[in-house]
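Engineer: This structure is in structure tokens; I'll ask about it shortly.
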Amino acid sequence: MRQVGLFRHNLFKLSEPFIAQQAERLRRYQPLYLGRLRYGAPPPGAAVLALEDLAPQMRLLPAAWHMLSASPHPYIHMLENRRLDLIHAHFGVEGVYALPLAARLGVPLVTTFHGFDATLSPTGLLSNPAWMRYALGRGRLARQGGLFLAASNFLRQKLLALDFPAERVLTHYIGVDTSAIVPRTPAREEPTILHVARLEEVKGTEYLIRAFAQAGRQHPLARLVIIGAGKLREPLERLARETGLAERISFLGARPHAEVLGWMHRAAMLVLPSIKTHSGREEGLGMVMLEAAATGVPGIGSRVGGIPEGIAEGETGFLVPERDADSLATAMGMLLANPTLRLRMGEAARRRVERQFDITRQTAALEEIYDGLLAARPDIPRDKA
């Protein structure tokens, strides 16, 4: 069986279950997870090589050294006699760091772009020390990387605008597990508005709270549940208190994936009011919206980034202008007031996910992409600069 190295600096983060979910659906390729630090538990039986294991008593030291050096040598050392047929990096930042390793091993590099790595401005990238090498090395990645996968059509267009070669940029939806995520029964539904997101500016949580201040007064049984952690939690909690409805707004922090799915089965809707930030950052797709759709829950999202690819307007949910709390409140109120509409949209959302975003089908397509790349075995492009 062929071996693929799944490259992600911070492995198994609660906010990124889709990476392991895709890898564990591979049937003809054996995944080996490569990264700096473990941020969560790996899938049962998974093979993992993390730089933190090189110095358990000083787990951050190997990771910090690799961030500064980008040297492939620690990974070469850990791999020992293991053979990789290709490397698949998740996020453009990882692609830049994986490039020397792929070149040293003489294997193709596939890089999946998920959002900020294709949308954030150079100034925004340079403001974060962890992303500076990516900002400086993205052009080289575009020239030397074997293949680039965009998590949405929106992101593909962004990559083309960044001079990534069109013939090596493909749109590939990761998908969600429609066999494990079963549709909920209408009897389980509660008047809960669910929001699952990192508490960062790009997610637009502020506008959701302001919208709930309007819709919540019209629907006194409704509550807002916010799942996710981030630097904006304190100001968002303060805003919730200012609305006068704080007792009906719950901040649950980051929660395990299984618990998130449990909340989806109870929710009347899932809302993702993301925005385009001043630094250019936009939502790549919104995987959480697809998971909610798989449970039979309608969605409301902003008309920005890749979100419109995950919601069929008027069929599986509603799209509203970004930063528009009034329009968001109207859409939320419409769904809260109409259980028949919620049911119809939720059922349509489930069918659409099964048809277009099933992870088993999408992973099979990914393996065909791997096959084609290895069959061609082109020389890895070398930088002539």
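Order determines the names: the first chain of the structure tokens is A, the second B, and so forth; residues in each chain are numbered 1 upward, and ligands are numbered 1 upward as they are shown.
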Name all residues at most 10 Å from Asp371 of chain A (count only C-alpha atoms; drop same-chain ones fewer than 4 positions away) and give them as a PyMOL selection string.
Structural biologist: chain A and resi 2+28-29+365-367+375-377
Engineer: I'd like the contact shell of Glu24 of chain A - 12 Å cut-off, only C-alpha atoms, skipping same-chain residues fewer than 5 positions apart - returned as an MDAnalysis selection string.
Structural biologist: chainID A and resid 4 6 17:19 29:33 42:47 177 359:360 363:364
Engineer: Please compute the atom CA of Phe154 of chain A-atom CA of Leu285 of chain A distance, one decimal, in Å.
Structural biologist: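 These two atoms are separated by 8.2 Å.
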Engineer: Could you tell me which of A:Leu290, A:Met332, A:Ile300, A:Ala197 comes closest to Arg255 of chain A if we count only C-alpha atoms?
Structural biologist: A:Ala197
Engineer: So, with only C-alpha atoms as the atoms that count, which of A:Met287, A:Phe113, A:Leu336, A:Ala187 lies closest to Gly216 of chain A?
Structural biologist: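 Among the listed residues, the smallest separation from Gly216 of chain A belongs to A:Leu336.
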Engineer: Rounded to one decimal in Å, what is the spacing between atom CA of Gly40 of chain A and atom CA of Glu309 of chain A?
Structural biologist: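 For atom CA of Gly40 of chain A relative to atom CA of Glu309 of chain A, the distance reads 29.5 Å.
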Engineer: Could the residues of segment 232-338 of chain A that have an atom at most 12 Å from segment 348-351 of chain A be listed as a tab-separated table, each with its closest atom pair and the distance in Å to one decimal, counting only C-alpha atoms and ordered by chain and ascending residue number?
Structural biologist:
```
residue	atom	partner	partner_atom	distance
A:Met269	CA	A:Ala349	CA	11.4
A:Leu270	CA	A:Ala349	CA	11.8
A:Met289	CA	A:Ala349	CA	9.8
A:Leu290	CA	A:Ala349	CA	8.4
A:Glu291	CA	A:Arg350	CA	9.2
A:Ala292	CA	A:Ala349	CA	8.5
A:Ala293	CA	A:Ala349	CA	4.8
A:Ala294	CA	A:Arg350	CA	4.7
A:Thr295	CA	A:Arg350	CA	6.6
A:Gly296	CA	A:Arg350	CA	5.1
A:Val297	CA	A:Ala349	CA	7.1
A:Pro298	CA	A:Ala349	CA	6.5
A:Gly299	CA	A:Ala349	CA	8.5
A:Ile300	CA	A:Ala349	CA	11.7
A:Gly310	CA	A:Ala349	CA	9.2
A:Ile311	CA	A:Ala349	CA	7.9
A:Ala312	CA	A:Ala349	CA	8.1
A:Glu313	CA	A:Ala349	CA	10.7
A:Gly314	CA	A:Ala348	CA	10.3
A:Glu315	CA	A:Ala348	CA	6.6
A:Thr316	CA	A:Ala349	CA	4.7
A:Gly317	CA	A:Ala349	CA	7.9
A:Phe318	CA	A:Ala349	CA	11.5
```
Engineer: Once you have the residues from the selection above, write them out as a PDB file, in the first residue's frame, restricted to N, CA and C atoms.
Structural biologist:
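Wrote part-v4.pdb, looks like this:
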```
ATOM      1  N   MET A 269     -31.336  25.881  13.741  1.00  0.00           N
ATOM      2  CA  MET A 269     -30.551  26.389  12.610  1.00  0.00           C
ATOM      3  C   MET A 269     -29.112  26.523  13.051  1.00  0.00           C
ATOM      4  N   LEU A 270     -28.216  26.590  12.077  1.00  0.00           N
ATOM      5  CA  LEU A 270     -26.824  26.929  12.338  1.00  0.00           C
ATOM      6  C   LEU A 270     -26.511  28.214  11.576  1.00  0.00           C
ATOM      7  N   MET A 289     -20.931  24.276   8.430  1.00  0.00           N
ATOM      8  CA  MET A 289     -22.224  24.420   7.764  1.00  0.00           C
ATOM      9  C   MET A 289     -22.623  23.124   7.069  1.00  0.00           C
ATOM     10  N   LEU A 290     -21.652  22.437   6.491  1.00  0.00           N
ATOM     11  CA  LEU A 290     -21.936  21.168   5.819  1.00  0.00           C
ATOM     12  C   LEU A 290     -22.305  20.086   6.835  1.00  0.00           C
ATOM     13  N   GLU A 291     -21.649  20.093   7.981  1.00  0.00           N
ATOM     14  CA  GLU A 291     -21.992  19.111   9.013  1.00  0.00           C
ATOM     15  C   GLU A 291     -23.409  19.340   9.525  1.00  0.00           C
ATOM     16  N   ALA A 292     -23.771  20.587   9.729  1.00  0.00           N
ATOM     17  CA  ALA A 292     -25.138  20.884  10.155  1.00  0.00           C
ATOM     18  C   ALA A 292     -26.132  20.441   9.095  1.00  0.00           C
ATOM     19  N   ALA A 293     -25.817  20.688   7.830  1.00  0.00           N
ATOM     20  CA  ALA A 293     -26.692  20.262   6.745  1.00  0.00           C
ATOM     21  C   ALA A 293     -26.856  18.754   6.751  1.00  0.00           C
ATOM     22  N   ALA A 294     -25.776  18.017   7.066  1.00  0.00           N
ATOM     23  CA  ALA A 294     -25.851  16.559   7.109  1.00  0.00           C
ATOM     24  C   ALA A 294     -26.782  16.072   8.212  1.00  0.00           C
ATOM     25  N   THR A 295     -26.927  16.863   9.282  1.00  0.00           N
ATOM     26  CA  THR A 295     -27.858  16.485  10.343  1.00  0.00           C
ATOM     27  C   THR A 295     -29.290  16.882  10.010  1.00  0.00           C
ATOM     28  N   GLY A 296     -29.492  17.590   8.904  1.00  0.00           N
ATOM     29  CA  GLY A 296     -30.827  18.035   8.531  1.00  0.00           C
ATOM     30  C   GLY A 296     -31.201  19.374   9.126  1.00  0.00           C
ATOM     31  N   VAL A 297     -30.191  20.211   9.366  1.00  0.00           N
ATOM     32  CA  VAL A 297     -30.408  21.530   9.970  1.00  0.00           C
ATOM     33  C   VAL A 297     -30.182  22.606   8.908  1.00  0.00           C
ATOM     34  N   PRO A 298     -31.122  23.529   8.723  1.00  0.00           N
ATOM     35  CA  PRO A 298     -30.907  24.622   7.758  1.00  0.00           C
ATOM     36  C   PRO A 298     -29.833  25.578   8.247  1.00  0.00           C
ATOM     37  N   GLY A 299     -29.237  26.293   7.311  1.00  0.00           N
ATOM     38  CA  GLY A 299     -28.163  27.214   7.666  1.00  0.00           C
ATOM     39  C   GLY A 299     -28.438  28.629   7.213  1.00  0.00           C
ATOM     40  N   ILE A 300     -27.834  29.565   7.909  1.00  0.00           N
ATOM     41  CA  ILE A 300     -27.830  30.966   7.505  1.00  0.00           C
ATOM     42  C   ILE A 300     -26.372  31.409   7.485  1.00  0.00           C
ATOM     43  N   GLY A 310     -21.803  26.386   0.055  1.00  0.00           N
ATOM     44  CA  GLY A 310     -22.328  25.414   1.008  1.00  0.00           C
ATOM     45  C   GLY A 310     -23.804  25.569   1.298  1.00  0.00           C
ATOM     46  N   ILE A 311     -24.410  26.694   0.895  1.00  0.00           N
ATOM     47  CA  ILE A 311     -25.833  26.946   1.137  1.00  0.00           C
ATOM     48  C   ILE A 311     -26.508  27.245  -0.191  1.00  0.00           C
ATOM     49  N   ALA A 312     -27.532  26.499  -0.498  1.00  0.00           N
ATOM     50  CA  ALA A 312     -28.348  26.799  -1.681  1.00  0.00           C
ATOM     51  C   ALA A 312     -29.412  27.792  -1.249  1.00  0.00           C
ATOM     52  N   GLU A 313     -29.273  29.030  -1.662  1.00  0.00           N
ATOM     53  CA  GLU A 313     -30.135  30.124  -1.222  1.00  0.00           C
ATOM     54  C   GLU A 313     -31.607  29.799  -1.432  1.00  0.00           C
ATOM     55  N   GLY A 314     -32.404  29.903  -0.358  1.00  0.00           N
ATOM     56  CA  GLY A 314     -33.831  29.664  -0.426  1.00  0.00           C
ATOM     57  C   GLY A 314     -34.218  28.201  -0.465  1.00  0.00           C
ATOM     58  N   GLU A 315     -33.230  27.308  -0.582  1.00  0.00           N
ATOM     59  CA  GLU A 315     -33.506  25.868  -0.646  1.00  0.00           C
ATOM     60  C   GLU A 315     -33.032  25.145   0.610  1.00  0.00           C
ATOM     61  N   THR A 316     -31.783  25.406   1.018  1.00  0.00           N
ATOM     62  CA  THR A 316     -31.243  24.761   2.214  1.00  0.00           C
ATOM     63  C   THR A 316     -30.985  25.762   3.336  1.00  0.00           C
ATOM     64  N   GLY A 317     -31.254  27.027   3.060  1.00  0.00           N
ATOM     65  CA  GLY A 317     -31.041  28.061   4.059  1.00  0.00           C
ATOM     66  C   GLY A 317     -31.069  29.434   3.416  1.00  0.00           C
ATOM     67  N   PHE A 318     -30.503  30.414   4.122  1.00  0.00           N
ATOM     68  CA  PHE A 318     -30.514  31.790   3.637  1.00  0.00           C
ATOM     69  C   PHE A 318     -29.098  32.370   3.640  1.00  0.00           C
TER      70      PHE A 318
END
```
Engineer: Pull the strand (DSSP E or B) assignments for segment 74-202 of chain A out of DSSP run on the backbone, and list those residues as a ChimeraX atom specification.
Structural biologist: /A:86-90,109-113,147-150,169-171,176,192-196
Engineer: Report as JSON lines the residues of segment 97-149 of chain A within 10 Å of segment 58-71 of chain A, each with its shortest atom pair and distance in Å (one decimal), using only C-alpha atoms, ordered by chain and increasing residue number.
Structural biologist:
```
{"residue": "A:Tyr97", "atom": "CA", "partner": "A:Ala70", "partner_atom": "CA", "distance": 5.6}
{"residue": "A:Ala98", "atom": "CA", "partner": "A:Ala70", "partner_atom": "CA", "distance": 8.2}
{"residue": "A:Leu99", "atom": "CA", "partner": "A:Ala70", "partner_atom": "CA", "distance": 9.2}
{"residue": "A:Pro100", "atom": "CA", "partner": "A:Ser71", "partner_atom": "CA", "distance": 7.2}
{"residue": "A:Leu101", "atom": "CA", "partner": "A:Ser71", "partner_atom": "CA", "distance": 7.8}
{"residue": "A:Pro129", "atom": "CA", "partner": "A:Met67", "partner_atom": "CA", "distance": 9.3}
{"residue": "A:Ala130", "atom": "CA", "partner": "A:Met67", "partner_atom": "CA", "distance": 7.1}
{"residue": "A:Trp131", "atom": "CA", "partner": "A:Met67", "partner_atom": "CA", "distance": 9.4}
{"residue": "A:Met132", "atom": "CA", "partner": "A:Leu68", "partner_atom": "CA", "distance": 9.9}
{"residue": "A:Arg133", "atom": "CA", "partner": "A:Leu68", "partner_atom": "CA", "distance": 8.4}
```
Engineer: Write out as a list in words each polymer residue whose atoms come within 12 Å of Leu49 of chain A, counting only C-alpha atoms; drop sequence neighbours fewer than 6 positions from it.
Structural biologist: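 Those residues are Gly5, Leu6, Phe7, Arg8, His9, Asn10, Leu11, Pro31, Leu32, Tyr33, Leu34, Gly35, Arg36, Leu37, Arg38, Pro42, Pro74, Tyr75, Ile76, His77, Met78, Leu79, Glu80 and Arg82 of chain A.
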Engineer: Suppose we keep C-alpha atoms; can you now write the selection as a PDB file, in the first residue's frame?
Structural biologist:
```pdb
ATOM      1  CA  GLY A   5       2.498  11.899   4.803  1.00  0.00           C
ATOM      2  CA  LEU A   6      -0.224  14.209   6.189  1.00  0.00           C
ATOM      3  CA  PHE A   7       1.653  17.372   7.130  1.00  0.00           C
ATOM      4  CA  ARG A   8       0.149  19.811   9.658  1.00  0.00           C
ATOM      5  CA  HIS A   9       2.192  21.735  12.222  1.00  0.00           C
ATOM      6  CA  ASN A  10      -0.438  21.565  14.979  1.00  0.00           C
ATOM      7  CA  LEU A  11      -1.955  18.106  14.787  1.00  0.00           C
ATOM      8  CA  PRO A  31      -1.670   7.911   6.184  1.00  0.00           C
ATOM      9  CA  LEU A  32       1.244   8.938   8.367  1.00  0.00           C
ATOM     10  CA  TYR A  33       0.644  12.151  10.327  1.00  0.00           C
ATOM     11  CA  LEU A  34       3.628  14.509  10.474  1.00  0.00           C
ATOM     12  CA  GLY A  35       3.738  17.658  12.585  1.00  0.00           C
ATOM     13  CA  ARG A  36       5.334  19.692  15.314  1.00  0.00           C
ATOM     14  CA  LEU A  37       2.876  19.376  18.212  1.00  0.00           C
ATOM     15  CA  ARG A  38      -0.127  17.264  19.160  1.00  0.00           C
ATOM     16  CA  PRO A  42      -5.050  11.051  17.100  1.00  0.00           C
ATOM     17  CA  PRO A  74      14.212  16.389  12.037  1.00  0.00           C
ATOM     18  CA  TYR A  75      11.542  14.724   9.905  1.00  0.00           C
ATOM     19  CA  ILE A  76      14.163  12.808   7.910  1.00  0.00           C
ATOM     20  CA  HIS A  77      15.551  11.555  11.223  1.00  0.00           C
ATOM     21  CA  MET A  78      12.141  10.469  12.534  1.00  0.00           C
ATOM     22  CA  LEU A  79      11.155   8.792   9.292  1.00  0.00           C
ATOM     23  CA  GLU A  80      14.264   6.567   9.408  1.00  0.00           C
ATOM     24  CA  ARG A  82       9.827   4.626   6.465  1.00  0.00           C
TER      25      ARG A  82
END
```
Engineer: As JSON, numbers by chain, please: every residue in segment 57-219 of chain A that DSSP puts in helix (DSSP H, G or I).
Structural biologist: {"A": [57, 58, 60, 61, 62, 63, 64, 65, 66, 67, 68, 69, 73, 74, 75, 76, 77, 78, 79, 92, 93, 94, 95, 96, 97, 98, 99, 100, 101, 102, 103, 104, 105, 116, 117, 118, 119, 122, 123, 124, 125, 126, 129, 130, 131, 132, 133, 134, 135, 136, 137, 138, 139, 140, 141, 142, 143, 144, 153, 154, 155, 156, 157, 158, 159, 160, 161, 166, 167, 168, 186, 187, 188, 201, 202, 203, 205, 206, 207, 208, 209, 210, 211, 212, 213, 214, 215, 216, 217, 218]}
Engineer: Could you write those residues out with C-alpha atoms, as a PDB file, in the first residue's frame?
Structural biologist:
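Writing done, so here's selection-v1.pdb:
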```pdb
ATOM      1  CA  GLN A  57      10.977  17.428  28.423  1.00  0.00           C
ATOM      2  CA  MET A  58      11.244  20.499  26.185  1.00  0.00           C
ATOM      3  CA  LEU A  60       8.297  23.350  22.372  1.00  0.00           C
ATOM      4  CA  LEU A  61      11.997  23.559  21.565  1.00  0.00           C
ATOM      5  CA  PRO A  62      12.028  21.307  18.450  1.00  0.00           C
ATOM      6  CA  ALA A  63       8.858  23.007  17.190  1.00  0.00           C
ATOM      7  CA  ALA A  64      10.312  26.495  17.662  1.00  0.00           C
ATOM      8  CA  TRP A  65      13.570  25.499  15.986  1.00  0.00           C
ATOM      9  CA  HIS A  66      11.693  24.086  12.996  1.00  0.00           C
ATOM     10  CA  MET A  67       9.567  27.224  12.711  1.00  0.00           C
ATOM     11  CA  LEU A  68      12.744  29.302  12.423  1.00  0.00           C
ATOM     12  CA  SER A  69      14.790  26.950  10.269  1.00  0.00           C
ATOM     13  CA  HIS A  73      16.310  17.077   8.895  1.00  0.00           C
ATOM     14  CA  PRO A  74      14.212  16.389  12.037  1.00  0.00           C
ATOM     15  CA  TYR A  75      11.542  14.724   9.905  1.00  0.00           C
ATOM     16  CA  ILE A  76      14.163  12.808   7.910  1.00  0.00           C
ATOM     17  CA  HIS A  77      15.551  11.555  11.223  1.00  0.00           C
ATOM     18  CA  MET A  78      12.141  10.469  12.534  1.00  0.00           C
ATOM     19  CA  LEU A  79      11.155   8.792   9.292  1.00  0.00           C
ATOM     20  CA  GLY A  92      -0.358  26.909   2.539  1.00  0.00           C
ATOM     21  CA  VAL A  93       1.882  27.634   5.519  1.00  0.00           C
ATOM     22  CA  GLU A  94       2.525  23.926   5.876  1.00  0.00           C
ATOM     23  CA  GLY A  95       3.102  23.665   2.133  1.00  0.00           C
ATOM     24  CA  VAL A  96       6.032  26.081   2.345  1.00  0.00           C
ATOM     25  CA  TYR A  97       7.568  24.146   5.253  1.00  0.00           C
ATOM     26  CA  ALA A  98       6.929  20.741   3.642  1.00  0.00           C
ATOM     27  CA  LEU A  99       8.536  21.755   0.343  1.00  0.00           C
ATOM     28  CA  PRO A 100      12.150  21.094   1.456  1.00  0.00           C
ATOM     29  CA  LEU A 101      11.121  17.735   2.938  1.00  0.00           C
ATOM     30  CA  ALA A 102       9.372  16.660  -0.257  1.00  0.00           C
ATOM     31  CA  ALA A 103      12.402  17.725  -2.297  1.00  0.00           C
ATOM     32  CA  ARG A 104      14.756  15.823   0.003  1.00  0.00           C
ATOM     33  CA  LEU A 105      12.628  12.677  -0.250  1.00  0.00           C
ATOM     34  CA  PHE A 116      -6.636  32.529   5.307  1.00  0.00           C
ATOM     35  CA  ASP A 117      -3.709  31.038   3.384  1.00  0.00           C
ATOM     36  CA  ALA A 118      -5.309  32.195   0.123  1.00  0.00           C
ATOM     37  CA  THR A 119      -7.130  35.340   1.258  1.00  0.00           C
ATOM     38  CA  PRO A 122       0.732  40.088   2.597  1.00  0.00           C
ATOM     39  CA  THR A 123       0.609  42.707   5.339  1.00  0.00           C
ATOM     40  CA  GLY A 124      -1.681  40.491   7.377  1.00  0.00           C
ATOM     41  CA  LEU A 125       0.639  37.518   6.924  1.00  0.00           C
ATOM     42  CA  LEU A 126       3.741  39.479   7.855  1.00  0.00           C
ATOM     43  CA  PRO A 129       5.755  35.699  12.995  1.00  0.00           C
ATOM     44  CA  ALA A 130       4.485  32.149  12.448  1.00  0.00           C
ATOM     45  CA  TRP A 131       3.319  33.080   8.943  1.00  0.00           C
ATOM     46  CA  MET A 132       6.236  35.240   7.814  1.00  0.00           C
ATOM     47  CA  ARG A 133       8.090  32.388   6.120  1.00  0.00           C
ATOM     48  CA  TYR A 134       4.900  31.528   4.226  1.00  0.00           C
ATOM     49  CA  ALA A 135       4.472  35.116   3.089  1.00  0.00           C
ATOM     50  CA  LEU A 136       8.036  35.131   1.765  1.00  0.00           C
ATOM     51  CA  GLY A 137       7.959  31.595   0.339  1.00  0.00           C
ATOM     52  CA  ARG A 138       4.520  31.388  -1.246  1.00  0.00           C
ATOM     53  CA  GLY A 139       5.858  32.224  -4.695  1.00  0.00           C
ATOM     54  CA  ARG A 140       8.369  29.403  -4.498  1.00  0.00           C
ATOM     55  CA  LEU A 141       5.628  27.018  -3.383  1.00  0.00           C
ATOM     56  CA  ALA A 142       3.565  28.036  -6.426  1.00  0.00           C
ATOM     57  CA  ARG A 143       6.495  27.234  -8.706  1.00  0.00           C
ATOM     58  CA  GLN A 144       7.730  24.030  -7.085  1.00  0.00           C
ATOM     59  CA  ASN A 153     -14.151  27.343  -6.020  1.00  0.00           C
ATOM     60  CA  PHE A 154     -13.811  30.686  -4.299  1.00  0.00           C
ATOM     61  CA  LEU A 155     -10.376  29.725  -2.984  1.00  0.00           C
ATOM     62  CA  ARG A 156      -9.304  28.405  -6.374  1.00  0.00           C
ATOM     63  CA  GLN A 157      -9.944  31.830  -7.881  1.00  0.00           C
ATOM     64  CA  LYS A 158      -7.945  33.413  -5.076  1.00  0.00           C
ATOM     65  CA  LEU A 159      -5.003  31.117  -5.776  1.00  0.00           C
ATOM     66  CA  LEU A 160      -5.103  31.893  -9.484  1.00  0.00           C
ATOM     67  CA  ALA A 161      -5.008  35.599  -8.622  1.00  0.00           C
ATOM     68  CA  ALA A 166      -4.060  27.040 -13.313  1.00  0.00           C
ATOM     69  CA  GLU A 167      -3.175  23.565 -14.569  1.00  0.00           C
ATOM     70  CA  ARG A 168      -2.032  22.559 -11.068  1.00  0.00           C
ATOM     71  CA  PRO A 186     -37.888  16.635  14.218  1.00  0.00           C
ATOM     72  CA  ALA A 187     -38.814  15.692  17.780  1.00  0.00           C
ATOM     73  CA  ARG A 188     -35.272  16.495  18.938  1.00  0.00           C
ATOM     74  CA  GLU A 201     -13.110  38.657  13.788  1.00  0.00           C
ATOM     75  CA  VAL A 202     -13.548  36.756  10.514  1.00  0.00           C
ATOM     76  CA  LYS A 203     -16.386  34.637  11.965  1.00  0.00           C
ATOM     77  CA  THR A 205     -19.946  36.495  15.905  1.00  0.00           C
ATOM     78  CA  GLU A 206     -20.493  40.108  16.934  1.00  0.00           C
ATOM     79  CA  TYR A 207     -23.184  40.527  14.277  1.00  0.00           C
ATOM     80  CA  LEU A 208     -24.890  37.305  15.332  1.00  0.00           C
ATOM     81  CA  ILE A 209     -25.180  38.537  18.908  1.00  0.00           C
ATOM     82  CA  ARG A 210     -26.583  41.864  17.706  1.00  0.00           C
ATOM     83  CA  ALA A 211     -29.055  40.023  15.477  1.00  0.00           C
ATOM     84  CA  PHE A 212     -30.126  37.790  18.359  1.00  0.00           C
ATOM     85  CA  ALA A 213     -30.813  40.924  20.405  1.00  0.00           C
ATOM     86  CA  GLN A 214     -33.549  41.636  17.836  1.00  0.00           C
ATOM     87  CA  ALA A 215     -34.835  38.165  16.941  1.00  0.00           C
ATOM     88  CA  GLY A 216     -34.623  36.935  20.523  1.00  0.00           C
ATOM     89  CA  ARG A 217     -37.076  39.536  21.741  1.00  0.00           C
ATOM     90  CA  GLN A 218     -39.599  38.437  19.136  1.00  0.00           C
TER      91      GLN A 218
END
```
Engineer: My list of candidates is A:Val169, A:Leu239, A:Leu120, A:Ile249. Which is closest to Val225 of chain A when distances are computed with only C-alpha atoms?
Structural biologist: A:Ile249
Engineer: Select, from A:Val353, A:Val320, A:Ala222, A:Ile87, the residue with the minimum atom-to-atom distance to Gly106 of chain A, counting only C-alpha atoms.
Structural biologist: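 Ranked by minimum distance to Gly106 of chain A, first place goes to A:Ile87.
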Engineer: Choose the residue, out of A:Ala150, A:Thr340, A:Arg223, A:Ala20, that has the smallest atom-to-atom separation from Val48 of chain A; count only C-alpha atoms.
Structural biologist: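 Checking each of A:Ala150, A:Thr340, A:Arg223, A:Ala20 against Val48 of chain A, counting only C-alpha atoms, the winner is A:Ala20.
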Engineer: One decimal, Å: what's the distance from atom CA of Tyr173 of chain A over to atom CA of Ala151 of chain A, could you say?
Structural biologist: 5.1 Å
